[in-house]
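Structure data follow from final-v4.txt (compact mmCIF, N, CA and C atoms):
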# COMPACT_ATOMS: atom_id res chain seq x y z
N MET A 1 -21.00 27.77 -10.46
CA MET A 1 -21.57 26.51 -10.07
C MET A 1 -20.62 25.82 -9.08
N ALA A 2 -21.16 25.31 -8.01
CA ALA A 2 -20.35 24.66 -6.97
C ALA A 2 -19.82 23.32 -7.48
N LYS A 3 -18.60 23.02 -7.10
CA LYS A 3 -18.02 21.73 -7.47
C LYS A 3 -18.66 20.63 -6.64
N THR A 4 -18.96 19.52 -7.31
CA THR A 4 -19.50 18.39 -6.58
C THR A 4 -18.38 17.70 -5.82
N GLN A 5 -18.74 16.92 -4.84
CA GLN A 5 -17.76 16.17 -4.06
C GLN A 5 -16.96 15.26 -5.00
N HIS A 6 -17.64 14.62 -5.94
CA HIS A 6 -16.98 13.72 -6.88
C HIS A 6 -15.93 14.46 -7.71
N SER A 7 -16.27 15.64 -8.20
CA SER A 7 -15.32 16.40 -9.02
C SER A 7 -14.11 16.84 -8.19
N LYS A 8 -14.30 17.08 -6.91
CA LYS A 8 -13.16 17.41 -6.04
C LYS A 8 -12.21 16.23 -5.93
N TRP A 9 -12.77 15.03 -5.87
CA TRP A 9 -11.93 13.82 -5.85
C TRP A 9 -11.18 13.68 -7.17
N LEU A 10 -11.85 13.95 -8.28
CA LEU A 10 -11.21 13.81 -9.59
C LEU A 10 -10.00 14.73 -9.74
N ARG A 11 -10.00 15.85 -9.05
CA ARG A 11 -8.87 16.78 -9.13
C ARG A 11 -7.59 16.18 -8.55
N LEU A 12 -7.71 15.08 -7.79
CA LEU A 12 -6.53 14.41 -7.23
C LEU A 12 -5.82 13.52 -8.24
N VAL A 13 -6.52 13.14 -9.31
CA VAL A 13 -5.95 12.25 -10.32
C VAL A 13 -4.71 12.89 -10.93
N GLY A 14 -3.66 12.11 -11.01
CA GLY A 14 -2.42 12.58 -11.60
C GLY A 14 -1.46 13.23 -10.61
N LYS A 15 -1.91 13.43 -9.39
CA LYS A 15 -1.02 13.99 -8.36
C LYS A 15 -0.25 12.84 -7.71
N ASP A 16 0.97 13.08 -7.36
CA ASP A 16 1.83 12.07 -6.76
C ASP A 16 1.68 12.11 -5.24
N GLU A 17 1.10 11.05 -4.68
CA GLU A 17 0.85 11.01 -3.23
C GLU A 17 2.15 11.02 -2.42
N ASN A 18 3.27 10.65 -3.05
CA ASN A 18 4.55 10.63 -2.35
C ASN A 18 5.25 12.00 -2.40
N LYS A 19 4.84 12.86 -3.34
CA LYS A 19 5.46 14.17 -3.49
C LYS A 19 4.68 15.27 -2.81
N TYR A 20 3.37 15.13 -2.77
CA TYR A 20 2.51 16.19 -2.27
C TYR A 20 1.68 15.70 -1.10
N GLU A 21 1.35 16.62 -0.21
CA GLU A 21 0.40 16.30 0.85
C GLU A 21 -0.98 16.57 0.25
N LEU A 22 -1.70 15.50 -0.02
CA LEU A 22 -3.02 15.61 -0.63
C LEU A 22 -4.09 15.52 0.45
N ASN A 23 -4.96 16.51 0.48
CA ASN A 23 -6.01 16.53 1.49
C ASN A 23 -7.29 15.92 0.93
N CYS A 24 -7.95 15.15 1.75
CA CYS A 24 -9.19 14.49 1.38
C CYS A 24 -10.28 15.54 1.15
N PRO A 25 -10.98 15.45 0.01
CA PRO A 25 -12.09 16.37 -0.25
C PRO A 25 -13.26 16.17 0.72
N ASN A 26 -13.31 15.04 1.39
CA ASN A 26 -14.41 14.74 2.30
C ASN A 26 -14.12 15.20 3.73
N CYS A 27 -12.95 14.81 4.27
CA CYS A 27 -12.67 15.10 5.69
C CYS A 27 -11.51 16.06 5.91
N GLY A 28 -10.72 16.31 4.87
CA GLY A 28 -9.61 17.24 4.99
C GLY A 28 -8.29 16.64 5.44
N HIS A 29 -8.29 15.38 5.89
CA HIS A 29 -7.05 14.75 6.33
C HIS A 29 -6.16 14.42 5.13
N SER A 30 -4.88 14.29 5.38
CA SER A 30 -3.92 13.97 4.31
C SER A 30 -3.57 12.49 4.34
N ASN A 31 -4.57 11.67 4.17
CA ASN A 31 -4.39 10.21 4.23
C ASN A 31 -4.93 9.57 2.95
N ILE A 32 -4.58 10.18 1.80
CA ILE A 32 -5.07 9.75 0.49
C ILE A 32 -4.17 8.67 -0.10
N HIS A 33 -4.80 7.67 -0.73
CA HIS A 33 -4.06 6.59 -1.39
C HIS A 33 -4.64 6.35 -2.78
N PHE A 34 -3.78 5.87 -3.68
CA PHE A 34 -4.15 5.55 -5.05
C PHE A 34 -3.77 4.10 -5.33
N GLN A 35 -4.59 3.40 -6.12
CA GLN A 35 -4.19 2.08 -6.58
C GLN A 35 -4.74 1.84 -7.98
N TYR A 36 -3.82 1.61 -8.92
CA TYR A 36 -4.19 1.21 -10.27
C TYR A 36 -4.25 -0.31 -10.33
N VAL A 37 -5.23 -0.83 -11.07
CA VAL A 37 -5.39 -2.27 -11.29
C VAL A 37 -5.68 -2.44 -12.77
N GLY A 38 -5.00 -3.41 -13.40
CA GLY A 38 -5.27 -3.59 -14.82
C GLY A 38 -4.51 -4.71 -15.47
N ASP A 39 -4.55 -4.67 -16.78
CA ASP A 39 -3.84 -5.64 -17.62
C ASP A 39 -2.39 -5.18 -17.74
N THR A 40 -1.45 -6.07 -17.41
CA THR A 40 -0.04 -5.68 -17.38
C THR A 40 0.53 -5.40 -18.76
N ARG A 41 -0.03 -5.98 -19.80
CA ARG A 41 0.49 -5.73 -21.16
C ARG A 41 -0.06 -4.44 -21.75
N SER A 42 -1.37 -4.26 -21.70
CA SER A 42 -1.97 -3.07 -22.31
C SER A 42 -1.95 -1.86 -21.39
N ARG A 43 -1.81 -2.12 -20.07
CA ARG A 43 -1.85 -1.09 -19.03
C ARG A 43 -3.17 -0.30 -19.08
N ILE A 44 -4.25 -1.03 -19.36
CA ILE A 44 -5.60 -0.49 -19.28
C ILE A 44 -6.25 -1.13 -18.07
N GLY A 45 -6.93 -0.32 -17.27
CA GLY A 45 -7.57 -0.87 -16.09
C GLY A 45 -8.42 0.15 -15.38
N PHE A 46 -8.34 0.16 -14.05
CA PHE A 46 -9.10 1.12 -13.27
C PHE A 46 -8.23 1.71 -12.18
N LEU A 47 -8.74 2.77 -11.57
CA LEU A 47 -8.04 3.47 -10.50
C LEU A 47 -8.98 3.67 -9.33
N ASP A 48 -8.52 3.30 -8.14
CA ASP A 48 -9.23 3.61 -6.90
C ASP A 48 -8.43 4.67 -6.15
N ILE A 49 -9.13 5.69 -5.67
CA ILE A 49 -8.53 6.73 -4.82
C ILE A 49 -9.38 6.79 -3.57
N TRP A 50 -8.74 6.72 -2.39
CA TRP A 50 -9.52 6.71 -1.16
C TRP A 50 -8.73 7.36 -0.02
N CYS A 51 -9.46 7.69 1.03
CA CYS A 51 -8.88 8.27 2.24
C CYS A 51 -9.00 7.24 3.36
N ASP A 52 -7.88 6.94 3.99
CA ASP A 52 -7.90 5.98 5.10
C ASP A 52 -8.49 6.57 6.38
N SER A 53 -8.64 7.90 6.43
CA SER A 53 -9.21 8.51 7.63
C SER A 53 -10.73 8.41 7.66
N CYS A 54 -11.39 8.77 6.57
CA CYS A 54 -12.87 8.76 6.55
C CYS A 54 -13.45 7.61 5.73
N ILE A 55 -12.58 6.85 5.07
CA ILE A 55 -12.97 5.68 4.27
C ILE A 55 -13.93 6.07 3.13
N HIS A 56 -13.71 7.21 2.49
CA HIS A 56 -14.46 7.62 1.30
C HIS A 56 -13.48 7.67 0.13
N GLY A 57 -14.01 7.54 -1.08
CA GLY A 57 -13.16 7.61 -2.25
C GLY A 57 -13.94 7.45 -3.53
N ILE A 58 -13.20 7.35 -4.65
CA ILE A 58 -13.83 7.17 -5.95
C ILE A 58 -13.18 6.01 -6.69
N HIS A 59 -13.94 5.45 -7.62
CA HIS A 59 -13.49 4.38 -8.50
C HIS A 59 -13.60 4.91 -9.92
N ILE A 60 -12.50 4.89 -10.64
CA ILE A 60 -12.48 5.36 -12.03
C ILE A 60 -12.21 4.16 -12.92
N SER A 61 -13.17 3.83 -13.75
CA SER A 61 -13.00 2.65 -14.60
C SER A 61 -12.48 3.05 -15.98
N ARG A 62 -11.89 2.07 -16.63
CA ARG A 62 -11.38 2.20 -17.99
C ARG A 62 -10.43 3.38 -18.14
N THR A 63 -9.26 3.21 -17.55
CA THR A 63 -8.24 4.26 -17.63
C THR A 63 -6.91 3.67 -18.09
N LYS A 64 -6.12 4.48 -18.74
CA LYS A 64 -4.76 4.09 -19.13
C LYS A 64 -3.87 4.27 -17.91
N ILE A 65 -3.12 3.24 -17.57
CA ILE A 65 -2.25 3.28 -16.40
C ILE A 65 -0.87 3.79 -16.82
N PRO A 66 -0.42 4.90 -16.25
CA PRO A 66 0.88 5.45 -16.63
C PRO A 66 2.01 4.45 -16.36
N GLU A 67 3.04 4.51 -17.16
CA GLU A 67 4.19 3.60 -17.02
C GLU A 67 4.89 3.75 -15.68
N ARG A 68 4.93 4.93 -15.15
CA ARG A 68 5.72 5.21 -13.96
C ARG A 68 5.06 4.81 -12.65
N VAL A 69 3.81 4.37 -12.68
CA VAL A 69 3.11 4.07 -11.43
C VAL A 69 3.00 2.58 -11.16
N ASP A 70 2.92 2.26 -9.88
CA ASP A 70 2.74 0.89 -9.44
C ASP A 70 1.31 0.44 -9.78
N MET A 71 1.18 -0.80 -10.20
CA MET A 71 -0.14 -1.33 -10.50
C MET A 71 -0.23 -2.77 -10.04
N ILE A 72 -1.45 -3.22 -9.86
CA ILE A 72 -1.75 -4.61 -9.55
C ILE A 72 -2.43 -5.22 -10.77
N SER A 73 -2.05 -6.43 -11.11
CA SER A 73 -2.69 -7.14 -12.21
C SER A 73 -4.11 -7.53 -11.83
N PHE A 74 -5.00 -7.60 -12.83
CA PHE A 74 -6.37 -8.05 -12.59
C PHE A 74 -6.41 -9.39 -11.85
N GLU A 75 -5.41 -10.24 -12.10
CA GLU A 75 -5.38 -11.58 -11.51
C GLU A 75 -4.99 -11.60 -10.04
N GLU A 76 -4.47 -10.51 -9.51
CA GLU A 76 -3.96 -10.45 -8.14
C GLU A 76 -5.02 -9.95 -7.15
N GLU A 77 -6.12 -10.66 -7.05
CA GLU A 77 -7.22 -10.25 -6.18
C GLU A 77 -6.80 -10.17 -4.71
N ASP A 78 -6.00 -11.13 -4.25
CA ASP A 78 -5.55 -11.11 -2.85
C ASP A 78 -4.71 -9.87 -2.56
N GLU A 79 -3.83 -9.52 -3.49
CA GLU A 79 -2.99 -8.33 -3.32
C GLU A 79 -3.85 -7.06 -3.30
N TYR A 80 -4.85 -7.01 -4.16
CA TYR A 80 -5.78 -5.87 -4.17
C TYR A 80 -6.46 -5.75 -2.81
N ASN A 81 -6.94 -6.85 -2.28
CA ASN A 81 -7.64 -6.83 -0.99
C ASN A 81 -6.72 -6.43 0.16
N LYS A 82 -5.43 -6.72 0.05
CA LYS A 82 -4.46 -6.30 1.07
C LYS A 82 -4.19 -4.80 1.02
N ARG A 83 -4.08 -4.27 -0.20
CA ARG A 83 -3.67 -2.87 -0.37
C ARG A 83 -4.81 -1.87 -0.28
N VAL A 84 -5.99 -2.25 -0.75
CA VAL A 84 -7.07 -1.28 -0.89
C VAL A 84 -8.10 -1.47 0.22
N THR A 85 -8.33 -0.41 0.96
CA THR A 85 -9.35 -0.39 2.00
C THR A 85 -10.72 -0.42 1.35
N LYS A 86 -11.65 -1.16 1.92
CA LYS A 86 -13.03 -1.12 1.43
C LYS A 86 -13.59 0.25 1.81
N PHE A 87 -13.84 1.07 0.79
CA PHE A 87 -14.25 2.45 1.04
C PHE A 87 -15.64 2.74 0.50
N ILE A 88 -16.23 3.82 1.00
CA ILE A 88 -17.54 4.28 0.55
C ILE A 88 -17.32 5.10 -0.71
N ILE A 89 -17.96 4.69 -1.80
CA ILE A 89 -17.77 5.36 -3.08
C ILE A 89 -18.58 6.66 -3.13
N VAL A 90 -17.88 7.74 -3.42
CA VAL A 90 -18.52 9.05 -3.61
C VAL A 90 -19.09 9.06 -5.03
N GLU A 91 -20.39 9.18 -5.13
CA GLU A 91 -21.06 9.14 -6.42
C GLU A 91 -21.01 10.50 -7.11
N ARG A 92 -21.13 10.47 -8.43
CA ARG A 92 -21.26 11.72 -9.19
C ARG A 92 -22.57 12.36 -8.81
N GLY A 93 -22.58 13.66 -8.72
CA GLY A 93 -23.81 14.30 -8.29
C GLY A 93 -24.20 15.49 -9.05
Hey, can you dump this file as structure tokens for me?
Amino acid sequence: MAKTQHSKWLRLVGKDENKYELNCPNCGHSNIHFQYVGDTRSRIGFLDIWCDSCIHGIHISRTKIPERVDMISFEEEDEYNKRVTKFIIVERG
């Protein structure tokens, strides 16, 4: 069975964008970014992964944010808007 575009994006979860050259499942460019957003105490929130080249990506809701990664608090809407490109969400298919 062929992998859906969404599942190809999911394979990027857990990879370190600073350690590896991650190629976009949509366009093939290595311009992938990750941003966790959540509650700073519980470290529960969501994850956005997107490509700055083709402006496609996925939104993963209700995820545990690892201790070692940078995150934005739910209250920091302005910071979220600065860091995260408005991208086209790749739907599950």
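Nearest-residue note for His6 of chain A: choosing from A:Cys54, A:Pro66, A:Ile72, A:Gly93, the minimum distance belongs to A:Gly93, counting all atoms listed in the file.
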For this session: DSSP on the backbone, then: every residue of chain A marked strand (DSSP E), written as number ranges by chain.
Result: A: 32-38, 44-51, 56-64, 71-73, 88-89
Seminar exercise, completed: Expressed in Å, the length from atom CA of Phe74 of chain A to atom C of Ile89 of chain A is 21.3 Å
For this session: Name all residues at most 6.5 Å from His56 of chain A (count all atoms listed in the file; drop same-chain ones fewer than 6 positions away) and give them as a VMD selection string.
Result: chain A and resid 49 to 50 87 to 90
Problem set entry | Every residue of segment 13-88 of chain A that DSSP places in helix (DSSP H, G or I), as number ranges by chain | A: 77-83
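One finds atom CA of Asp48 of chain A at 13.9 Å from atom CA of Glu79 of chain A.
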Problem set entry | Residue with smallest distance to Gln35 of chain A - pool A:Glu91, A:Asp78, A:Asp70, A:Asp52, counting all atoms listed in the file | A:Asp70
For this session: For atom N of Val69 of chain A and atom CA of Lys3 of chain A, determine how far apart the two atoms are, in Å to one decimal place.
Result: 28.4 Å
For this session: Could you tell me which of A:Asn31, A:Asn81, A:Asn23, A:Ser7 comes closest to Ser53 of chain A if we count all atoms listed in the file?
Result: A:Asn31
Problem set entry | Residue with smallest distance to Arg83 of chain A - pool A:Arg68, A:Thr63, A:Phe34, A:Leu10, counting only C-alpha atoms | A:Phe34
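Minimum distance to Tyr36 of chain A across A:Lys82, A:Met71, A:Arg92, A:Arg62 (counting only C-alpha atoms) occurs at A:Met71.
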For this session: Give as a ChimeraX atom specification every residue, naming chains and numbers as the document does, that has an atom within 5 Å of (-13.4, 14.3, -3.1), counting all atoms listed in the file.
Result: /A:5,8-9,25-26
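Neighbours of Gly38 of chain A closer than or equal to 8 Å, with only N, CA and C atoms counted and sequence neighbours fewer than 4 positions away skipped, come out as A:Ser42, A:Arg43, A:Ile44, A:Gly45, A:Phe46, A:Leu47, A:Ile65, A:Met71, A:Ile72, A:Ser73, A:Phe74, A:Glu75.
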